[in-house]
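**Q** Pasting coords.tsv below, which is TSV, C-alpha atoms.
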chain	number	residue	atom	x	y	z
J	24	MET	CA	-140.17	-41.85	-106.21
J	25	ALA	CA	-141.07	-39.43	-108.93
J	26	ALA	CA	-138.26	-37.33	-110.19
J	27	ARG	CA	-138.53	-33.58	-109.56
J	28	SER	CA	-138.16	-31.23	-112.39
J	29	PRO	CA	-135.28	-28.73	-112.24
J	30	SER	CA	-137.74	-25.84	-112.26
J	31	SER	CA	-139.59	-27.14	-109.22
J	32	MET	CA	-136.31	-27.66	-107.43
J	33	ARG	CA	-135.28	-24.11	-108.21
J	34	ARG	CA	-138.62	-22.78	-106.92
J	35	ARG	CA	-138.25	-24.80	-103.72
J	36	SER	CA	-134.63	-23.68	-103.28
J	37	GLY	CA	-135.66	-20.09	-103.89
J	38	GLY	CA	-138.42	-20.44	-101.32
J	39	ASN	CA	-136.01	-21.79	-98.74
J	40	GLU	CA	-133.61	-18.93	-99.41
J	41	THR	CA	-136.44	-16.42	-99.06
J	42	ASN	CA	-137.55	-17.99	-95.80
J	43	ALA	CA	-133.94	-17.98	-94.53
J	44	ILE	CA	-133.52	-14.33	-95.41
J	45	THR	CA	-136.84	-13.51	-93.71
J	46	ASP	CA	-135.85	-15.43	-90.60
J	47	LEU	CA	-132.44	-13.72	-90.54
J	48	SER	CA	-134.09	-10.30	-90.93
J	49	THR	CA	-136.50	-11.09	-88.10
J	50	LEU	CA	-133.61	-12.24	-85.92
J	51	ASN	CA	-131.69	-9.05	-86.65
J	52	ASN	CA	-134.74	-6.97	-85.85
J	53	ASN	CA	-135.22	-8.86	-82.59
J	54	VAL	CA	-131.57	-8.30	-81.68
J	55	ARG	CA	-131.63	-4.64	-82.68
J	56	SER	CA	-134.96	-3.74	-81.16
J	57	PRO	CA	-133.76	-3.59	-77.51
J	58	LEU	CA	-130.78	-1.49	-78.58
J	59	LYS	CA	-133.01	0.68	-80.70
J	60	LYS	CA	-135.49	1.09	-77.85
J	61	LEU	CA	-132.67	1.98	-75.49
J	62	ARG	CA	-131.22	4.47	-77.97
J	63	ASN	CA	-134.62	6.07	-78.53
J	64	ALA	CA	-135.23	6.28	-74.79
J	65	VAL	CA	-131.87	8.01	-74.27
J	66	GLN	CA	-132.61	10.44	-77.11
J	67	ARG	CA	-136.05	11.24	-75.68
J	68	ARG	CA	-134.60	11.81	-72.22
J	69	HIS	CA	-131.89	14.08	-73.64
J	70	GLN	CA	-134.52	16.06	-75.56
J	71	ASN	CA	-136.65	16.41	-72.42
J	72	ILE	CA	-133.66	17.63	-70.41
J	73	MET	CA	-132.67	20.13	-73.10
J	74	SER	CA	-136.23	21.41	-73.37
J	75	ARG	CA	-136.38	21.88	-69.60
J	76	LYS	CA	-133.04	23.70	-69.68
J	77	ARG	CA	-134.29	26.00	-72.41
J	78	SER	CA	-137.55	26.72	-70.67
J	79	PHE	CA	-136.00	27.37	-67.29
J	80	SER	CA	-132.66	28.82	-68.38
J	81	ALA	CA	-133.47	32.47	-67.60
J	82	PRO	CA	-134.70	31.91	-64.02
J	83	ALA	CA	-131.72	29.65	-63.34
J	84	ARG	CA	-129.30	32.36	-64.35
J	85	MET	CA	-131.12	34.96	-62.31
J	86	SER	CA	-131.17	32.82	-59.18
J	87	ARG	CA	-127.50	31.82	-59.41
J	88	LYS	CA	-125.49	33.28	-56.57
J	89	ARG	CA	-122.65	35.54	-57.62
J	90	HIS	CA	-119.07	34.50	-57.00
J	91	LEU	CA	-117.17	36.84	-54.69
J	92	LEU	CA	-113.48	37.39	-55.33
J	93	VAL	CA	-112.93	37.01	-51.58
J	94	GLU	CA	-113.88	33.33	-52.01
J	95	ASP	CA	-110.59	32.78	-53.86
J	96	HIS	CA	-108.58	33.58	-50.71
J	97	TYR	CA	-110.92	32.80	-47.79
J	98	ARG	CA	-113.18	30.01	-46.67
J	99	VAL	CA	-116.70	31.26	-47.34
J	100	ASP	CA	-120.02	29.54	-46.67
J	101	PRO	CA	-121.58	28.93	-50.12
J	102	GLU	CA	-125.10	29.60	-48.84
J	103	ASP	CA	-124.98	32.81	-46.82
J	104	LYS	CA	-121.47	34.02	-47.88
J	105	THR	CA	-120.19	34.25	-44.29
J	106	LEU	CA	-116.51	33.73	-43.50
J	107	LEU	CA	-115.54	30.38	-42.00
J	108	PRO	CA	-112.60	29.70	-39.66
J	109	GLY	CA	-109.18	29.18	-41.18
J	110	LEU	CA	-107.98	29.60	-44.74
J	111	PRO	CA	-108.66	27.50	-47.85
J	112	VAL	CA	-106.68	24.27	-47.99
J	113	ASN	CA	-104.42	24.40	-51.04
J	114	ASP	CA	-103.69	21.00	-52.52
J	115	GLU	CA	-100.62	20.40	-54.63
J	116	ASP	CA	-101.01	22.26	-57.92
J	117	TRP	CA	-97.85	22.59	-59.99
J	118	ALA	CA	-99.17	25.41	-62.22
J	119	ARG	CA	-100.41	27.52	-59.29
J	120	ASP	CA	-97.39	26.85	-57.07
J	121	LEU	CA	-94.93	27.79	-59.82
J	122	HIS	CA	-96.84	31.00	-60.53
J	123	ASP	CA	-96.95	31.85	-56.82
J	124	PHE	CA	-93.18	31.30	-56.56
J	125	PHE	CA	-92.65	33.59	-59.56
J	126	ASN	CA	-94.69	36.34	-57.90
J	127	LEU	CA	-93.02	35.99	-54.51
J	128	VAL	CA	-89.59	36.35	-56.14
J	129	SER	CA	-90.48	38.99	-58.76
J	130	LEU	CA	-92.30	41.33	-56.38
J	131	VAL	CA	-89.29	41.66	-54.07
J	132	PRO	CA	-87.24	43.92	-56.43
J	133	VAL	CA	-90.44	45.83	-57.27
J	134	VAL	CA	-91.02	46.63	-53.60
J	135	VAL	CA	-87.33	47.30	-52.80
J	136	LEU	CA	-86.79	49.65	-55.75
J	137	ASN	CA	-89.99	51.48	-54.89
J	138	ILE	CA	-88.73	52.07	-51.36
J	139	MET	CA	-85.41	53.37	-52.74
J	140	ASN	CA	-87.18	56.08	-54.75
J	141	TRP	CA	-88.64	57.88	-51.70
J	142	ASN	CA	-87.23	60.32	-49.17
J	143	TRP	CA	-88.11	58.52	-45.96
J	144	ASP	CA	-87.03	61.41	-43.75
J	145	VAL	CA	-89.94	63.34	-45.24
J	146	LEU	CA	-92.40	60.43	-45.17
J	147	LEU	CA	-91.70	59.54	-41.55
J	148	ASP	CA	-91.65	63.12	-40.28
J	149	PRO	CA	-95.12	63.87	-38.86
J	150	TYR	CA	-94.34	67.61	-38.84
J	151	SER	CA	-93.07	67.82	-42.40
J	152	LYS	CA	-94.80	70.40	-44.61
J	153	LYS	CA	-93.83	68.61	-47.80
J	154	THR	CA	-96.41	66.79	-49.90
J	155	LEU	CA	-96.36	63.19	-51.10
J	156	GLN	CA	-95.17	64.40	-54.49
J	157	GLN	CA	-92.21	66.21	-52.90
J	158	ALA	CA	-91.19	63.10	-50.99
J	159	TRP	CA	-90.56	61.29	-54.27
J	160	THR	CA	-86.91	61.41	-55.37
J	161	GLY	CA	-87.02	59.18	-58.44
J	162	GLU	CA	-83.29	58.40	-58.22
J	163	TRP	CA	-83.85	54.81	-59.37
J	164	PHE	CA	-86.85	55.45	-61.60
J	165	ILE	CA	-85.51	54.00	-64.89
J	166	LEU	CA	-84.52	50.69	-63.30
J	167	PHE	CA	-87.72	50.67	-61.24
J	168	TYR	CA	-89.86	51.29	-64.33
J	169	GLY	CA	-88.14	48.55	-66.35
J	170	ILE	CA	-88.54	45.96	-63.59
J	171	VAL	CA	-92.19	46.86	-63.01
J	172	MET	CA	-93.19	46.87	-66.69
J	173	GLY	CA	-91.32	43.62	-67.26
J	174	TYR	CA	-93.07	41.99	-64.31
J	175	PHE	CA	-96.59	42.95	-65.40
J	176	VAL	CA	-96.03	41.99	-69.04
J	177	ALA	CA	-94.49	38.63	-68.07
J	178	ASP	CA	-97.27	37.89	-65.58
J	179	LEU	CA	-99.94	38.87	-68.10
J	180	VAL	CA	-98.50	36.51	-70.73
J	181	TRP	CA	-98.20	33.76	-68.10
J	182	VAL	CA	-101.85	34.02	-67.03
J	183	ILE	CA	-103.07	34.13	-70.65
J	184	ALA	CA	-100.98	31.08	-71.57
J	185	ALA	CA	-101.83	29.11	-68.39
J	186	PRO	CA	-105.09	30.51	-66.95
J	187	ARG	CA	-105.44	27.66	-64.45
J	188	CYS	CA	-102.45	29.04	-62.49
J	189	VAL	CA	-104.85	31.56	-60.85
J	190	LYS	CA	-108.41	31.26	-59.61
J	191	SER	CA	-109.77	34.34	-61.41
J	192	PRO	CA	-107.79	34.69	-64.66
J	193	SER	CA	-110.20	37.19	-66.26
J	194	VAL	CA	-109.88	39.57	-63.30
J	195	ILE	CA	-106.08	39.30	-63.32
J	196	ILE	CA	-105.88	39.89	-67.08
J	197	GLN	CA	-108.12	42.97	-66.93
J	198	HIS	CA	-106.21	44.32	-63.93
J	199	HIS	CA	-102.81	43.87	-65.62
J	200	LEU	CA	-103.98	45.48	-68.87
J	201	ALA	CA	-105.28	48.53	-66.98
J	202	THR	CA	-102.02	48.70	-65.00
J	203	ILE	CA	-99.85	48.56	-68.13
J	204	ILE	CA	-101.87	51.40	-69.68
J	205	TYR	CA	-101.57	53.35	-66.43
J	206	LEU	CA	-97.79	52.83	-66.46
J	207	LEU	CA	-97.47	54.62	-69.80
J	208	LEU	CA	-98.23	57.96	-68.12
J	209	PRO	CA	-95.24	58.21	-65.72
J	210	TYR	CA	-92.89	57.24	-68.52
J	211	GLN	CA	-94.05	60.21	-70.62
J	212	TYR	CA	-94.76	62.73	-67.82
J	213	ALA	CA	-92.21	63.15	-65.03
J	214	GLN	CA	-94.68	65.07	-62.84
J	215	VAL	CA	-96.73	61.90	-62.19
J	216	ARG	CA	-93.87	59.49	-61.49
J	217	TRP	CA	-94.55	59.79	-57.78
J	218	LEU	CA	-98.01	58.42	-58.59
J	219	MET	CA	-96.49	55.22	-59.93
J	220	GLY	CA	-94.51	54.70	-56.74
J	221	ALA	CA	-97.45	55.48	-54.48
J	222	CYS	CA	-99.83	53.14	-56.32
J	223	LEU	CA	-97.33	50.29	-56.55
J	224	SER	CA	-96.94	50.26	-52.78
J	225	VAL	CA	-100.00	47.99	-52.97
J	226	GLU	CA	-97.69	45.21	-54.19
J	227	ILE	CA	-96.59	44.79	-50.57
J	228	ASN	CA	-100.14	43.72	-49.81
J	229	THR	CA	-100.17	41.50	-52.92
J	230	TRP	CA	-96.97	39.76	-51.75
J	231	LEU	CA	-98.50	39.12	-48.32
J	232	LEU	CA	-101.71	37.82	-49.91
J	233	ILE	CA	-99.74	35.23	-51.87
J	234	ALA	CA	-97.54	34.43	-48.86
J	235	ARG	CA	-100.63	33.62	-46.77
J	236	ARG	CA	-101.43	30.85	-49.23
J	237	VAL	CA	-97.91	29.60	-49.88
J	238	PHE	CA	-96.77	29.42	-46.24
J	239	ASN	CA	-100.04	28.00	-44.93
J	240	LYS	CA	-101.16	25.40	-47.46
J	241	GLN	CA	-102.92	23.43	-44.71
J	242	GLY	CA	-105.31	26.33	-44.15
J	243	PHE	CA	-104.72	26.59	-40.39
J	244	PRO	CA	-106.44	29.51	-38.61
J	245	PRO	CA	-103.66	32.03	-37.78
J	246	TRP	CA	-104.61	32.32	-34.11
J	247	VAL	CA	-104.55	28.63	-33.23
J	248	ILE	CA	-101.91	28.27	-30.50
J	249	ASP	CA	-101.16	24.52	-30.60
J	250	MET	CA	-98.77	24.75	-33.57
J	251	PRO	CA	-94.96	24.73	-33.85
J	252	PRO	CA	-93.67	28.14	-32.65
J	253	PHE	CA	-91.87	29.17	-35.84
J	254	PHE	CA	-94.80	28.20	-38.06
J	255	SER	CA	-97.29	29.89	-35.73
J	256	ILE	CA	-95.36	33.18	-35.51
J	257	ARG	CA	-94.80	33.24	-39.27
J	258	ILE	CA	-98.45	32.90	-40.27
J	259	LYS	CA	-99.52	35.32	-37.51
J	260	LEU	CA	-97.10	38.02	-38.70
J	261	ILE	CA	-98.12	37.54	-42.33
J	262	SER	CA	-101.79	37.82	-41.39
J	263	ILE	CA	-101.25	40.93	-39.23
J	264	PHE	CA	-99.22	42.79	-41.86
J	265	PHE	CA	-101.63	41.70	-44.56
J	266	TYR	CA	-104.53	43.50	-42.85
J	267	ILE	CA	-102.42	46.51	-41.89
J	268	THR	CA	-101.30	47.04	-45.50
J	269	TRP	CA	-104.79	46.32	-46.86
J	270	ILE	CA	-106.38	49.06	-44.78
J	271	SER	CA	-103.51	51.58	-44.95
J	272	ILE	CA	-102.90	51.27	-48.71
J	273	ARG	CA	-106.13	50.12	-50.35
J	274	CYS	CA	-108.56	51.91	-48.03
J	275	LEU	CA	-106.60	55.06	-47.08
J	276	LEU	CA	-103.74	55.78	-49.50
J	277	TYR	CA	-105.66	55.13	-52.73
J	278	PRO	CA	-108.54	57.52	-51.86
J	279	LEU	CA	-105.93	60.11	-50.80
J	280	ILE	CA	-104.24	59.79	-54.19
J	281	MET	CA	-107.67	60.15	-55.80
J	282	LYS	CA	-108.15	63.48	-54.02
J	283	VAL	CA	-104.72	64.74	-55.16
J	284	LEU	CA	-105.44	63.70	-58.75
J	285	TRP	CA	-108.83	65.41	-58.69
J	286	THR	CA	-107.30	68.69	-57.52
J	287	SER	CA	-104.46	68.45	-60.07
J	288	TRP	CA	-106.91	67.69	-62.89
J	289	LEU	CA	-109.12	70.69	-62.04
J	290	THR	CA	-106.05	72.95	-61.93
J	291	GLU	CA	-104.83	71.65	-65.30
J	292	TRP	CA	-108.31	72.08	-66.81
J	293	GLU	CA	-108.53	75.70	-65.67
J	294	LYS	CA	-105.01	76.40	-66.95
J	295	THR	CA	-105.28	74.79	-70.40
J	296	GLY	CA	-109.03	74.68	-71.01
J	297	HIS	CA	-108.80	71.03	-72.07
J	298	VAL	CA	-111.06	68.56	-70.28
J	299	LEU	CA	-108.65	65.71	-71.02
J	300	GLY	CA	-105.97	67.58	-69.08
J	301	LEU	CA	-102.96	65.35	-69.75
J	302	PRO	CA	-101.62	63.62	-67.79
J	303	TYR	CA	-104.07	64.02	-64.91
J	304	GLY	CA	-107.29	63.31	-66.82
J	305	PRO	CA	-106.41	59.75	-67.91
J	306	ALA	CA	-104.70	59.13	-64.57
J	307	LEU	CA	-107.90	60.17	-62.76
J	308	VAL	CA	-110.02	57.78	-64.85
J	309	LEU	CA	-107.68	54.80	-64.44
J	310	HIS	CA	-107.14	55.43	-60.75
J	311	SER	CA	-110.91	55.59	-60.26
J	312	ILE	CA	-111.13	52.05	-61.65
J	313	PHE	CA	-108.60	50.77	-59.12
J	314	CYS	CA	-110.37	52.59	-56.29
J	315	VAL	CA	-113.67	50.96	-57.27
J	316	LEU	CA	-111.99	47.53	-57.35
J	317	ASN	CA	-110.44	48.12	-53.92
J	318	PHE	CA	-113.80	49.22	-52.56
J	319	LYS	CA	-115.53	46.13	-53.98
J	320	TRP	CA	-112.92	43.72	-52.62
J	321	THR	CA	-112.95	45.42	-49.21
J	322	SER	CA	-116.75	45.39	-49.17
J	323	ASP	CA	-116.86	41.67	-50.04
J	324	LEU	CA	-114.35	40.87	-47.31
J	325	PHE	CA	-115.88	42.86	-44.47
J	326	MET	CA	-119.50	42.16	-45.41
J	327	SER	CA	-118.68	38.45	-45.21
J	328	LYS	CA	-117.29	39.05	-41.73
J	329	TYR	CA	-120.33	41.12	-40.78
J	330	ARG	CA	-122.73	38.39	-41.95
J	331	ALA	CA	-120.79	35.82	-39.92
J	332	TRP	CA	-120.88	38.09	-36.86
J	333	LYS	CA	-124.60	38.73	-37.32
J	334	SER	CA	-125.31	35.00	-37.58
J	335	GLY	CA	-123.56	34.40	-34.25
J	336	ASN	CA	-120.21	33.18	-35.54
J	337	ALA	CA	-118.13	36.04	-34.11
J	338	ALA	CA	-115.95	33.64	-32.13
J	339	LYS	CA	-115.24	31.66	-35.28
J	340	ILE	CA	-114.26	34.79	-37.15
J	341	GLU	CA	-111.80	35.78	-34.43
J	342	LYS	CA	-110.17	32.38	-34.69
J	343	GLY	CA	-110.22	32.32	-38.45
J	344	LEU	CA	-108.50	35.62	-39.21
For the structure just supplied, provide its representation as structure tokens.

**A**
Amino acid sequence: MAARSPSSMRRRSGGNETNAITDLSTLNNNVRSPLKKLRNAVQRRHQNIMSRKRSFSAPARMSRKRHLLVEDHYRVDPEDKTLLPGLPVNDEDWARDLHDFFNLVSLVPVVVLNIMNWNWDVLLDPYSKKTLQQAWTGEWFILFYGIVMGYFVADLVWVIAAPRCVKSPSVIIQHHLATIIYLLLPYQYAQVRWLMGACLSVEINTWLLIARRVFNKQGFPPWVIDMPPFFSIRIKLISIFFYITWISIRCLLYPLIMKVLWTSWLTEWEKTGHVLGLPYGPALVLHSIFCVLNFKWTSDLFMSKYRAWKSGNAAKIEKGL
């Protein structure tokens, strides 16, 4: 056998190495190609989805059904916004339950101190000639004011720090900010301190709204009769007083206060010549906001009932409320 020269051996070795590298590269390409194809397919699909979202984004937003605040506290059909029987079932939620407990406890001194600042002989006398302003005594105003301001500031900080403790954190935050600004007026002007007491009577309704959820986590309709007597009476009473206070305070008292504020603002304007008319001008603006909110919430609630009644679910409504 003829001996091979070192140069020929090097060329042959180099050729084998080149072929090995080529084979390895081909193998890598064969292994990578399915993954590459899959990755490219996913990227193309993502691009197609994003392009469709961009092209149809405006109509999608326009066709989206608005969320009613009443849906946070009632069972509402997502399609036609009609009320359904019973109340929402509230699963265990530590953040929400702790916040509800805080409100149920904190609102008690707010309500009690408010009651202590009124002359109830005047309020309960149907023949009394005295006005709502004259029925206010303000004997416990300083303590009342401190408890109320502390409650709203604490609750505002709580909702900002843990927004998942409520279903509509943005609404609660805006409401509390407007309330805190509103509360600055009675502190500076004694003549509108009765206004603070009258407006904060709505916290009775707020307490009952929270109690409906806390004491009926199962979401039972209040008028179902096959329930334990104590549980049945409790949720019935809470539901009855909830609607009584809703109508009497939100639908009747707040517009009455609006009328008093309007008259007082006009009188102050004529007397001083200033449109701002402190303190009645700012009070009129802020109270108007709360009246609009009450009107909207009442409209959402009763329009949902009306749609359910119109669709033939009147019997279900009667059971569900």

**Q** Within 8 Å of Ile261 of chain J, counting all atoms listed in the file, which residues qualify if same-chain residues fewer than 5 places away don't, as a PDB file with C-alpha atoms, in the frame of the given file?

**A**
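Contents of the output file around-v4.pdb:
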ATOM      1  CA  LEU J 231     -98.500  39.120 -48.320  1.00  0.00           C
ATOM      2  CA  ALA J 234     -97.540  34.430 -48.860  1.00  0.00           C
ATOM      3  CA  ARG J 235    -100.630  33.620 -46.770  1.00  0.00           C
TER       4      ARG J 235
END

**Q** Would you compute the distance between atom CA of Asn317 of chain J and atom CA of Tyr277 of chain J? Give it in Å to one decimal.

**A**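 Computing the Euclidean distance for atom CA of Asn317 of chain J and atom CA of Tyr277 of chain J yields 8.6 Å.
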
**Q** Hey, which bits of segment 151-242 of chain J sit within 9 Å of segment 280-287 of chain J, and for each residue what's the closest pair of atoms and how far apart in Å (one decimal), counting all atoms listed in the file, rows by chain and increasing number, as CSV?

**A**
residue,atom,partner,partner_atom,distance
J:Leu218,CA,J:Ile280,CA,7.7
J:Ala221,CA,J:Ile280,CA,8.0
J:Cys222,CA,J:Ile280,CA,8.3

**Q** Could you state the separation of atom CA of Ser224 of chain J and atom CA of Val176 of chain J in Å, given to one decimal place?

**A**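 These two atoms are separated by 18.3 Å.
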
**Q** Rounded to one decimal in Å, what is the spacing between atom CA of Trp141 of chain J and atom CA of Phe124 of chain J?

**A**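 These atoms are spaced 27.4 Å apart.
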
**Q** With distances taken over only C-alpha atoms, which of J:Trp117, J:Trp159, J:Tyr150, J:Tyr205 is nearest to His310 of chain J?

**A**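 Using only C-alpha atoms, the shortest distance to His310 of chain J belongs to J:Tyr205.
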
**Q** Of the candidates J:Ile272, J:Ile258, J:Leu130, J:Leu316, which one gets nearest to Ile195 of chain J if we count all atoms listed in the file?

**A**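 That would be J:Leu316, the residue with the smallest distance to Ile195 of chain J.
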
**Q** Which residue out of J:Asn142, J:Ala158, J:Ser129, J:Arg216 has the minimum interatomic distance to Tyr174 of chain J when only C-alpha atoms are used?

**A**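 Looking at the shortest contact to Tyr174 of chain J, the residue is J:Ser129.
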
**Q** Find the spatial neighbours of Ser271 of chain J, counting only C-alpha atoms, within a cut-off of 12 Å - ignore same-chain residues fewer than 3 positions away - and output them as a PDB file with C-alpha atoms, in the coordinates of the input.

**A**
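Final output, saved to part11.pdb:
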ATOM      1  CA  ALA J 221     -97.450  55.480 -54.480  1.00  0.00           C
ATOM      2  CA  SER J 224     -96.940  50.260 -52.780  1.00  0.00           C
ATOM      3  CA  VAL J 225    -100.000  47.990 -52.970  1.00  0.00           C
ATOM      4  CA  ILE J 227     -96.590  44.790 -50.570  1.00  0.00           C
ATOM      5  CA  ASN J 228    -100.140  43.720 -49.810  1.00  0.00           C
ATOM      6  CA  PHE J 264     -99.220  42.790 -41.860  1.00  0.00           C
ATOM      7  CA  PHE J 265    -101.630  41.700 -44.560  1.00  0.00           C
ATOM      8  CA  TYR J 266    -104.530  43.500 -42.850  1.00  0.00           C
ATOM      9  CA  ILE J 267    -102.420  46.510 -41.890  1.00  0.00           C
ATOM     10  CA  THR J 268    -101.300  47.040 -45.500  1.00  0.00           C
ATOM     11  CA  CYS J 274    -108.560  51.910 -48.030  1.00  0.00           C
ATOM     12  CA  LEU J 275    -106.600  55.060 -47.080  1.00  0.00           C
ATOM     13  CA  LEU J 276    -103.740  55.780 -49.500  1.00  0.00           C
ATOM     14  CA  TYR J 277    -105.660  55.130 -52.730  1.00  0.00           C
ATOM     15  CA  PRO J 278    -108.540  57.520 -51.860  1.00  0.00           C
ATOM     16  CA  LEU J 279    -105.930  60.110 -50.800  1.00  0.00           C
ATOM     17  CA  ASN J 317    -110.440  48.120 -53.920  1.00  0.00           C
TER      18      ASN J 317
END

**Q** Pick the closest to Asp178 of chain J from J:Arg257, J:Lys190, J:His199, J:Lys294: which is it, counting only C-alpha atoms?

**A**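 Smallest separation from Asp178 of chain J among the options: J:His199.
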
**Q** Determine the nearest neighbour of Met139 of chain J from the options J:Gln197, J:Gln157, J:Pro209, J:Gly220, counting all atoms listed in the file.

**A**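 Closest residue, counting all atoms listed in the file: J:Gly220.
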
**Q** Given all atoms listed in the file as the basis, pick out the residue of J:Ile203, J:Leu324, J:Arg119, J:Ser255 nearest to Pro186 of chain J.

**A**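 Under the stated criterion, the closest residue is J:Arg119.
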
**Q** Would you mind listing what lies within 8 Å of Leu200 of chain J as JSON, numbers by chain, with all atoms listed in the file counted and same-chain residues fewer than 4 positions away left out?

**A** {"J": [179, 196, 204]}
